[in-house]
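Participant: Right, I'll just put the structure down here and ask away after.
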Amino acid sequence: MLDKRYDPHQVEQGKYDKWKEAGYFTAGDKSKQPFSIVIPPPNVTGKLHLGHAWDTTIQDIIARYKKMCGYDVCYLPGMDHAGIATQAKVMDKLSKSGIDVTKISREFFLQKAWEWKDEYALNIHEQWKKMGLALDYSKERFTLDEGLNYAVRTVFKTLYDHGLIYQGEKIINWDPVQMTALSNIEVIHQDDPGEMFYFKYPIVDSDEYLIVATTRPETMFGDVCVVVNPNDERYKKYVGMKVINPANGDIIPLIADEYVDLEFGTGAMKCTPAHDPNDFLIGEKYHFAKPIIFNKNATMNSLCGKYEGMDRFECRKALVEQIKKDGNFIKIEKIVHPVGHSERTNAVVEPMLSKQWFVKMRPLAEQALANQKNKDNRVDFVPSRFENVFTQWMEKVDDWCISRQLWWGHRIPAYYNKHTGEVLVSVDEPKDKENWVQDEDVLDTWFSSQLWPFSTWGWPNDTDDLKRYFPTDCLVTGYDIIFFWVSRMIFESLEMTQKRPFKEVVIHGLVRDELGRKMSKSLGNGVDPIEVIDHYGADALRYFLTTNSTPGQDMRYIDEKVAASGNYLNKIWNSARYVLSVLPENFKIQEIKKELLSPIDKWIINRLELTIERVTSNMNKYDFNAASNHLYNFVYDDFCSQYLEMSKVALNSSDENKKNTTYQVLVKCLKNIILLIYPYTPFIAEELYLNLPNHLESVMLERYPVYEEGLIDESINAEIELLFNIIRDVRNYKIENKIAPNAKLDLSLYLKIKTFDEFLTYLNRFTFSNVSLVGEEILNQKGETKAYHDAILNIVNEAGKEEAIKRLEKEIENEQNEIMRGEKMLSNPNFINKAPKEKVELEESKLKKHREALASLLEKRKNI
């Protein structure tokens, strides 16, 4: 028997381990059609965040739903090594323990990083368990495990052989904190306050000078020329001359190129090819040197003279002061301009010329875009509008810098001959490895993550799992990583397997705080899903996460809404307790015979079947909010508010057939509510299900409810809706007139349609009234009349007439006193002239409302 009180923590205790031990999460039933989902792998850097909880809950709902629909569901778990983030965490931990991280070896660091991974993997397992995720742990993967490392090496070699991976010197984004290159989409551009500095560049052998503006004076040590537009009349006569760099006294040429915008700044542009992507192109075009003036930690190097070793921003201040002393300073303007910051460290990114490994993106992007026109192999986005995000990015994508100056990650499978300098790219180590040294860099984390949909099944080996479960059926993720992850999985899967990575990708929004702000450490507004579970239970959090936003939209985390989710589950719990409490001891579930159903039974079956149809339709469209709303309305409005109360008429009857039929309908409704809510809230569903008669070993073995059109009888709907409307109006009449709920009223009812035999029985019982059926011509017009499509009702309260009149007289007197007070105040010139305008308007508004209330009360008294 269910406990009187719903306690989510008690209900959720122990169930997950039982499911896991029973093998309910394990896939492999080859008699069924396969359905596969791979988890968006969380980083091994700490606790799960609400976004990951949202991803995985949606996927878990899909997995549980599809399993109930008869599929062999494989929900594959795994974790991501998260190169930059994890290395930063491990290095920080080592530093805090007193270890000088500048003196440790790669081998020592990797040992500590794997220890970190093992520790946090256990934490993530516990968090998945608390969330109730039906994961097949026998297939768990890690992006740095041996199999995935082999897949990464194979992809790198294949792309290199196809000319799609190359090594070259380019301007890359450099993170001076982590001291590694970043790809373009790992850089967050934000508007920062800054300064535009104007300096004189004296013309050699002349008293004249050019004025050049820059936001980064510290880069002047890398200037190789000044560039003007050849059509700029201001500078035509100077082209071909030389100018003096005011930072270091170097003499550099003045050249002309149409790249320079005549309208921007002064029209004269300094060119620093090693530290600006546009300047790099000019340097290439005119064959200038490309001097690098920063160390890897963004301090100034030996090319910067007395500023060597200074931080770049300290150098900026000192250099400007020196230029002022030298007489070459013009002015400073305060500006706001976009500045790139490292996504991981928030450091200001430094454009830096560097030799790195790149993926040539144009051929891969074109292949991915063309594939979206292939209806048999395209990836369908849900909602479909997000395909435009994918398309627009692929149309303008740049080559992808994939090398990272880290230790934690997949080491690049490129080897350099110690004697000849030859480069060898190989899946395996060279046989004469003593003559070769491997590239020190590792690959961008996303390089291995992009292989997740097929490498996890054993690719490049032709495994049984790969044949059965790839392409995966569905991926769930947030719109913020369509660039980072979804796009890369699509183009890489097509290149490596000629197949799409997944058939559908379900996109959700971001979880924001109650004020709509993005959650961040700096704002301190993050929410730990495990803390929410500890307070409200996993089912309440799961239900909240999947029912509080429409597909693709952001969601605000509001504590009260999680509590409301728990209240809804408590409603289901209490209704289950009631149903189970009225069942006889020897009750057995039997097939419901349509001919034995009462009109009320027929109505609730109609509502149930309609709910099953609507919920199923929306589940198949991944619209879990709409699906849950249909079920919610059935639970609250139909089952709990109406049927549970109405069914008491049959349960108190002496007709055993009628009683047994109602028992069957009660259990049918309750069971279907449990099965429909189960994918959302598996713990409470399991507890309730195991208290049903004739249950299986677990709700996880049940089939999803199927819409049974043969049980529908719509002929009864109009009569039942009329019955409910009359009961509702009589109850409201009592509330409005402050009449006790059980007070007797005289009701005269004219019916335009034939109703079922017990219509008046229900009406008398649930309105506590005496109902008389009359003809339209003899309706008592003394009371209050309600008109319906199929009936007219007249309500007379003879017993409470005196009391009602007394109460009305009291209310009328109160309103008259308020009107007198208001009229007196508003007729006082002192008040009108001295009181604030808002106060006068408020009193006028109050007077108007009191007059309207008085008119209404007088009308009510007249009717009585």
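Within each chain, counting starts at residue 1; across the structure tokens, chains are named A, B, ... in the order shown, with ligands numbered 1 upward in that order.
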Using only C-alpha atoms, determine which residues lie at most 12 Å from Lys810 (chain A), disregarding the query and same-chain residues fewer than 5 positions distant; provide the list as a PyMOL selection string.
Facilitator: chain A and resi 803-805+815-817+854+857-858+861
Participant: Please report, as an NGL selection string, each residue of region 385-451 of chain A to which DSSP assigns helix (DSSP H, G or I) when run on this structure's backbone.
Facilitator: :A and (386-395 or 433-435 or 445-449)
Participant: Using N, CA and C atoms, can you write the selected residues to a file as an mmCIF file, in the first residue's frame?
Facilitator:
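Result file part-v4.cif:
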```
data_model
loop_
_atom_site.group_PDB
_atom_site.id
_atom_site.type_symbol
_atom_site.label_atom_id
_atom_site.label_comp_id
_atom_site.auth_asym_id
_atom_site.auth_seq_id
_atom_site.Cartn_x
_atom_site.Cartn_y
_atom_site.Cartn_z
ATOM 1 N N PHE A 386 16.490 25.667 -37.020
ATOM 2 C CA PHE A 386 17.903 25.629 -36.642
ATOM 3 C C PHE A 386 18.791 25.092 -37.760
ATOM 4 N N GLU A 387 18.182 24.537 -38.803
ATOM 5 C CA GLU A 387 19.002 24.132 -39.944
ATOM 6 C C GLU A 387 19.640 25.356 -40.589
ATOM 7 N N ASN A 388 18.966 26.514 -40.511
ATOM 8 C CA ASN A 388 19.529 27.743 -41.072
ATOM 9 C C ASN A 388 20.805 28.144 -40.343
ATOM 10 N N VAL A 389 20.851 27.923 -39.041
ATOM 11 C CA VAL A 389 22.059 28.231 -38.265
ATOM 12 C C VAL A 389 23.221 27.380 -38.779
ATOM 13 N N PHE A 390 22.946 26.095 -38.961
ATOM 14 C CA PHE A 390 23.957 25.172 -39.493
ATOM 15 C C PHE A 390 24.411 25.611 -40.879
ATOM 16 N N THR A 391 23.449 25.897 -41.734
ATOM 17 C CA THR A 391 23.758 26.242 -43.130
ATOM 18 C C THR A 391 24.583 27.513 -43.223
ATOM 19 N N GLN A 392 24.170 28.545 -42.494
ATOM 20 C CA GLN A 392 24.875 29.824 -42.566
ATOM 21 C C GLN A 392 26.312 29.699 -42.091
ATOM 22 N N TRP A 393 26.545 28.894 -41.055
ATOM 23 C CA TRP A 393 27.910 28.742 -40.576
ATOM 24 C C TRP A 393 28.764 27.973 -41.571
ATOM 25 N N MET A 394 28.196 26.919 -42.147
ATOM 26 C CA MET A 394 28.967 26.115 -43.102
ATOM 27 C C MET A 394 29.285 26.903 -44.369
ATOM 28 N N GLU A 395 28.451 27.843 -44.727
ATOM 29 C CA GLU A 395 28.684 28.631 -45.938
ATOM 30 C C GLU A 395 29.858 29.600 -45.789
ATOM 31 N N LYS A 433 61.429 3.825 -34.613
ATOM 32 C CA LYS A 433 60.989 5.012 -33.882
ATOM 33 C C LYS A 433 62.144 5.783 -33.237
ATOM 34 N N GLU A 434 63.294 5.141 -33.104
ATOM 35 C CA GLU A 434 64.427 5.865 -32.521
ATOM 36 C C GLU A 434 64.907 6.999 -33.425
ATOM 37 N N ASN A 435 64.500 6.960 -34.729
ATOM 38 C CA ASN A 435 64.904 7.999 -35.679
ATOM 39 C C ASN A 435 63.845 9.089 -35.845
ATOM 40 N N THR A 445 39.960 19.358 -28.683
ATOM 41 C CA THR A 445 39.005 18.411 -28.103
ATOM 42 C C THR A 445 37.880 18.082 -29.072
ATOM 43 N N TRP A 446 37.423 19.087 -29.827
ATOM 44 C CA TRP A 446 36.298 18.855 -30.743
ATOM 45 C C TRP A 446 36.665 17.912 -31.882
ATOM 46 N N PHE A 447 37.972 17.720 -32.123
ATOM 47 C CA PHE A 447 38.373 16.798 -33.183
ATOM 48 C C PHE A 447 37.941 15.374 -32.845
ATOM 49 N N SER A 448 38.091 14.989 -31.562
ATOM 50 C CA SER A 448 37.642 13.649 -31.165
ATOM 51 C C SER A 448 36.140 13.631 -30.913
ATOM 52 N N SER A 449 35.594 14.736 -30.395
ATOM 53 C CA SER A 449 34.157 14.776 -30.122
ATOM 54 C C SER A 449 33.333 14.677 -31.393
#
```
Participant: Can you pull out every residue within 7 Å of region 716-733 of chain A, counting only C-alpha atoms, but drop anything in the same chain fewer than 6 positions away, and send it as a list in words?
Facilitator: Pro599, Trp603, Thr755, Leu763, Phe766 and Thr767 of chain A
Participant: Next, the residues of the selection above should be written as an mmCIF file, in the first residue's frame with C-alpha atoms.
Facilitator:
```cif
data_model
loop_
_atom_site.group_PDB
_atom_site.id
_atom_site.type_symbol
_atom_site.label_atom_id
_atom_site.label_comp_id
_atom_site.auth_asym_id
_atom_site.auth_seq_id
_atom_site.Cartn_x
_atom_site.Cartn_y
_atom_site.Cartn_z
ATOM 1 C CA PRO A 599 -22.375 7.546 -19.303
ATOM 2 C CA TRP A 603 -17.021 10.128 -20.965
ATOM 3 C CA THR A 755 -30.361 12.979 -21.234
ATOM 4 C CA LEU A 763 -27.218 16.792 -10.544
ATOM 5 C CA PHE A 766 -23.355 17.222 -6.634
ATOM 6 C CA THR A 767 -25.318 20.478 -6.292
#
```
Participant: Write out as a ChimeraX atom specification which residues come within 10 Å of Lys360 (chain A) when counting only C-alpha atoms, dropping same-chain ones fewer than 5 positions away.
Facilitator: /A:159-160,163-166,365,397-401
Participant: Pull the closest atom pair for each residue of region 129-174 of chain A that gets at most 10 Å from region 457-480 of chain A, along with the distance in Å to one decimal, counting only C-alpha atoms, ordering rows by chain and then ascending residue number, as JSON lines.
Facilitator:
```
{"residue": "A:Lys139", "atom": "CA", "partner": "A:Trp457", "partner_atom": "CA", "distance": 8.2}
{"residue": "A:Glu140", "atom": "CA", "partner": "A:Trp457", "partner_atom": "CA", "distance": 9.9}
{"residue": "A:Arg141", "atom": "CA", "partner": "A:Trp457", "partner_atom": "CA", "distance": 9.1}
{"residue": "A:Gly147", "atom": "CA", "partner": "A:Gly458", "partner_atom": "CA", "distance": 7.0}
{"residue": "A:Leu148", "atom": "CA", "partner": "A:Gly458", "partner_atom": "CA", "distance": 8.0}
{"residue": "A:Tyr150", "atom": "CA", "partner": "A:Pro460", "partner_atom": "CA", "distance": 8.2}
{"residue": "A:Ala151", "atom": "CA", "partner": "A:Pro460", "partner_atom": "CA", "distance": 6.1}
{"residue": "A:Val152", "atom": "CA", "partner": "A:Pro460", "partner_atom": "CA", "distance": 9.5}
{"residue": "A:Thr154", "atom": "CA", "partner": "A:Pro460", "partner_atom": "CA", "distance": 7.6}
{"residue": "A:Val155", "atom": "CA", "partner": "A:Pro460", "partner_atom": "CA", "distance": 8.9}
```
Participant: With distances taken over only C-alpha atoms, which residue among A:Lys806, A:His337, A:His850, A:Lys20 lies nearest Gly194 (chain A)?
Facilitator: A:His337
Participant: Can you tell me how far CA of Ile673 (chain A) sits from CA of Val532 (chain A), in Å to one decimal?
Facilitator: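 We find that CA of Ile673 (chain A) and CA of Val532 (chain A) lie 25.1 Å from each other.
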Participant: Can you list, as JSON, numbers by chain, all residues belonging to region 77-270 of chain A that DSSP tags as strand (DSSP E)?
Facilitator: {"A": [78, 79, 141, 142, 165, 166, 167, 168, 169, 170, 171, 172, 173, 174, 175, 180, 181, 182, 187, 188, 189, 190, 191, 192, 193, 194, 195, 196, 197, 198, 199, 200, 201, 202, 209, 210, 211, 212, 213, 214, 225, 226, 227, 228, 242, 243, 244, 251, 252, 253, 254, 255, 256, 268, 269, 270]}
Participant: From the set A:Phe768, A:Tyr762, A:Tyr636, A:Tyr286, which residue has the shortest atom-to-atom contact distance to Ala650 (chain A), counting only C-alpha atoms?
Facilitator: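 Smallest distance to Ala650 (chain A) is found for A:Tyr762.
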Participant: Can you work out the spacing between CA of Lys117 (chain A) and CA of Thr56 (chain A) in Å, to one decimal?
Facilitator: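 Taking CA of Lys117 (chain A) as the start and CA of Thr56 (chain A) as the end point, the length is 20.5 Å.
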Participant: Could you list, as a list in words, every residue within 12 Å of Lys15 (chain A), counting only C-alpha atoms and ignoring same-chain residues fewer than 3 positions away?
Facilitator: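 My reading of the contact set: Pro8, His9, Gln10, Val11, Glu12, Lys18, Trp19, Lys20, Glu21, Ala22, Tyr24, Lys129, Lys130, Met131, Gly132, Leu133, Ala134, Pro682, Phe683, Ile684, Ala685, Glu686, Glu687, Leu690, Ser698, Val699 and Met700 of chain A.
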Participant: What does the file look like for those residues with N, CA and C atoms, as a PDB file, in the first residue's frame?
Facilitator:
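Written file, result.pdb:
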```pdb
ATOM      1  N   PRO A   8       9.520  12.027  -2.215  1.00  0.00           N
ATOM      2  CA  PRO A   8      10.311  11.682  -3.406  1.00  0.00           C
ATOM      3  C   PRO A   8      11.614  10.967  -3.075  1.00  0.00           C
ATOM      4  N   HIS A   9      12.255  11.329  -1.970  1.00  0.00           N
ATOM      5  CA  HIS A   9      13.543  10.716  -1.645  1.00  0.00           C
ATOM      6  C   HIS A   9      13.369   9.249  -1.259  1.00  0.00           C
ATOM      7  N   GLN A  10      12.308   8.955  -0.555  1.00  0.00           N
ATOM      8  CA  GLN A  10      12.036   7.562  -0.208  1.00  0.00           C
ATOM      9  C   GLN A  10      11.640   6.765  -1.442  1.00  0.00           C
ATOM     10  N   VAL A  11      10.837   7.389  -2.299  1.00  0.00           N
ATOM     11  CA  VAL A  11      10.377   6.721  -3.523  1.00  0.00           C
ATOM     12  C   VAL A  11      11.549   6.409  -4.449  1.00  0.00           C
ATOM     13  N   GLU A  12      12.528   7.339  -4.553  1.00  0.00           N
ATOM     14  CA  GLU A  12      13.630   7.181  -5.499  1.00  0.00           C
ATOM     15  C   GLU A  12      14.751   6.276  -4.967  1.00  0.00           C
ATOM     16  N   LYS A  18      18.277  -1.412  -8.864  1.00  0.00           N
ATOM     17  CA  LYS A  18      17.473  -2.593  -9.209  1.00  0.00           C
ATOM     18  C   LYS A  18      17.262  -2.688 -10.714  1.00  0.00           C
ATOM     19  N   TRP A  19      16.950  -1.549 -11.341  1.00  0.00           N
ATOM     20  CA  TRP A  19      16.776  -1.540 -12.803  1.00  0.00           C
ATOM     21  C   TRP A  19      18.068  -1.967 -13.493  1.00  0.00           C
ATOM     22  N   LYS A  20      19.173  -1.411 -13.015  1.00  0.00           N
ATOM     23  CA  LYS A  20      20.472  -1.682 -13.640  1.00  0.00           C
ATOM     24  C   LYS A  20      20.852  -3.150 -13.484  1.00  0.00           C
ATOM     25  N   GLU A  21      20.687  -3.668 -12.264  1.00  0.00           N
ATOM     26  CA  GLU A  21      21.035  -5.076 -11.990  1.00  0.00           C
ATOM     27  C   GLU A  21      20.137  -6.035 -12.765  1.00  0.00           C
ATOM     28  N   ALA A  22      18.896  -5.630 -13.010  1.00  0.00           N
ATOM     29  CA  ALA A  22      17.961  -6.486 -13.744  1.00  0.00           C
ATOM     30  C   ALA A  22      18.237  -6.477 -15.243  1.00  0.00           C
ATOM     31  N   TYR A  24      17.667  -3.955 -17.334  1.00  0.00           N
ATOM     32  CA  TYR A  24      16.660  -3.226 -18.107  1.00  0.00           C
ATOM     33  C   TYR A  24      17.273  -2.144 -18.992  1.00  0.00           C
ATOM     34  N   LYS A 129      23.076   8.523 -12.110  1.00  0.00           N
ATOM     35  CA  LYS A 129      22.200   7.648 -11.311  1.00  0.00           C
ATOM     36  C   LYS A 129      21.099   8.467 -10.642  1.00  0.00           C
ATOM     37  N   LYS A 130      21.474   9.589 -10.056  1.00  0.00           N
ATOM     38  CA  LYS A 130      20.473  10.438  -9.393  1.00  0.00           C
ATOM     39  C   LYS A 130      19.462  10.976 -10.391  1.00  0.00           C
ATOM     40  N   MET A 131      19.923  11.254 -11.614  1.00  0.00           N
ATOM     41  CA  MET A 131      19.010  11.745 -12.646  1.00  0.00           C
ATOM     42  C   MET A 131      18.099  10.639 -13.170  1.00  0.00           C
ATOM     43  N   GLY A 132      18.487   9.372 -12.950  1.00  0.00           N
ATOM     44  CA  GLY A 132      17.658   8.253 -13.401  1.00  0.00           C
ATOM     45  C   GLY A 132      17.831   7.908 -14.861  1.00  0.00           C
ATOM     46  N   LEU A 133      19.026   8.104 -15.422  1.00  0.00           N
ATOM     47  CA  LEU A 133      19.243   7.887 -16.858  1.00  0.00           C
ATOM     48  C   LEU A 133      19.397   6.404 -17.177  1.00  0.00           C
ATOM     49  N   ALA A 134      18.613   5.928 -18.128  1.00  0.00           N
ATOM     50  CA  ALA A 134      18.589   4.503 -18.493  1.00  0.00           C
ATOM     51  C   ALA A 134      19.708   4.183 -19.486  1.00  0.00           C
ATOM     52  N   PRO A 682      10.338   8.528 -13.927  1.00  0.00           N
ATOM     53  CA  PRO A 682      10.357   7.067 -13.805  1.00  0.00           C
ATOM     54  C   PRO A 682      10.271   6.545 -12.376  1.00  0.00           C
ATOM     55  N   PHE A 683      10.777   7.308 -11.396  1.00  0.00           N
ATOM     56  CA  PHE A 683      10.814   6.792 -10.026  1.00  0.00           C
ATOM     57  C   PHE A 683       9.404   6.681  -9.426  1.00  0.00           C
ATOM     58  N   ILE A 684       8.647   7.768  -9.477  1.00  0.00           N
ATOM     59  CA  ILE A 684       7.298   7.718  -8.922  1.00  0.00           C
ATOM     60  C   ILE A 684       6.425   6.773  -9.740  1.00  0.00           C
ATOM     61  N   ALA A 685       6.657   6.723 -11.052  1.00  0.00           N
ATOM     62  CA  ALA A 685       5.876   5.819 -11.900  1.00  0.00           C
ATOM     63  C   ALA A 685       6.099   4.368 -11.489  1.00  0.00           C
ATOM     64  N   GLU A 686       7.355   4.012 -11.202  1.00  0.00           N
ATOM     65  CA  GLU A 686       7.659   2.648 -10.775  1.00  0.00           C
ATOM     66  C   GLU A 686       6.969   2.327  -9.447  1.00  0.00           C
ATOM     67  N   GLU A 687       7.016   3.262  -8.500  1.00  0.00           N
ATOM     68  CA  GLU A 687       6.400   3.034  -7.189  1.00  0.00           C
ATOM     69  C   GLU A 687       4.893   2.836  -7.317  1.00  0.00           C
ATOM     70  N   LEU A 690       3.982  -0.547  -9.254  1.00  0.00           N
ATOM     71  CA  LEU A 690       4.144  -1.789  -8.486  1.00  0.00           C
ATOM     72  C   LEU A 690       3.054  -1.965  -7.428  1.00  0.00           C
ATOM     73  N   SER A 698       8.355  -4.698 -13.421  1.00  0.00           N
ATOM     74  CA  SER A 698       8.742  -3.285 -13.436  1.00  0.00           C
ATOM     75  C   SER A 698       7.931  -2.569 -14.503  1.00  0.00           C
ATOM     76  N   VAL A 699       7.725  -1.276 -14.276  1.00  0.00           N
ATOM     77  CA  VAL A 699       7.068  -0.460 -15.291  1.00  0.00           C
ATOM     78  C   VAL A 699       7.902  -0.411 -16.566  1.00  0.00           C
ATOM     79  N   MET A 700       9.219  -0.672 -16.444  1.00  0.00           N
ATOM     80  CA  MET A 700      10.100  -0.652 -17.610  1.00  0.00           C
ATOM     81  C   MET A 700       9.797  -1.778 -18.597  1.00  0.00           C
TER      82      MET A 700
END
```
Participant: For Val579 (chain A), which of A:Ala787, A:Val667, A:Val649, A:Leu545 is the closest residue, counting only C-alpha atoms?
Facilitator: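 When distances to Val579 (chain A) are compared using only C-alpha atoms, the smallest one comes from A:Val667.
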Participant: Could you name the residues that touch Lys66 (chain A) at 10 Å or less, counting only C-alpha atoms, but leaving out those on the same chain fewer than 6 positions away, as a ChimeraX atom specification?
Facilitator: /A:34-36,60,72-73,619-620,679,703-704
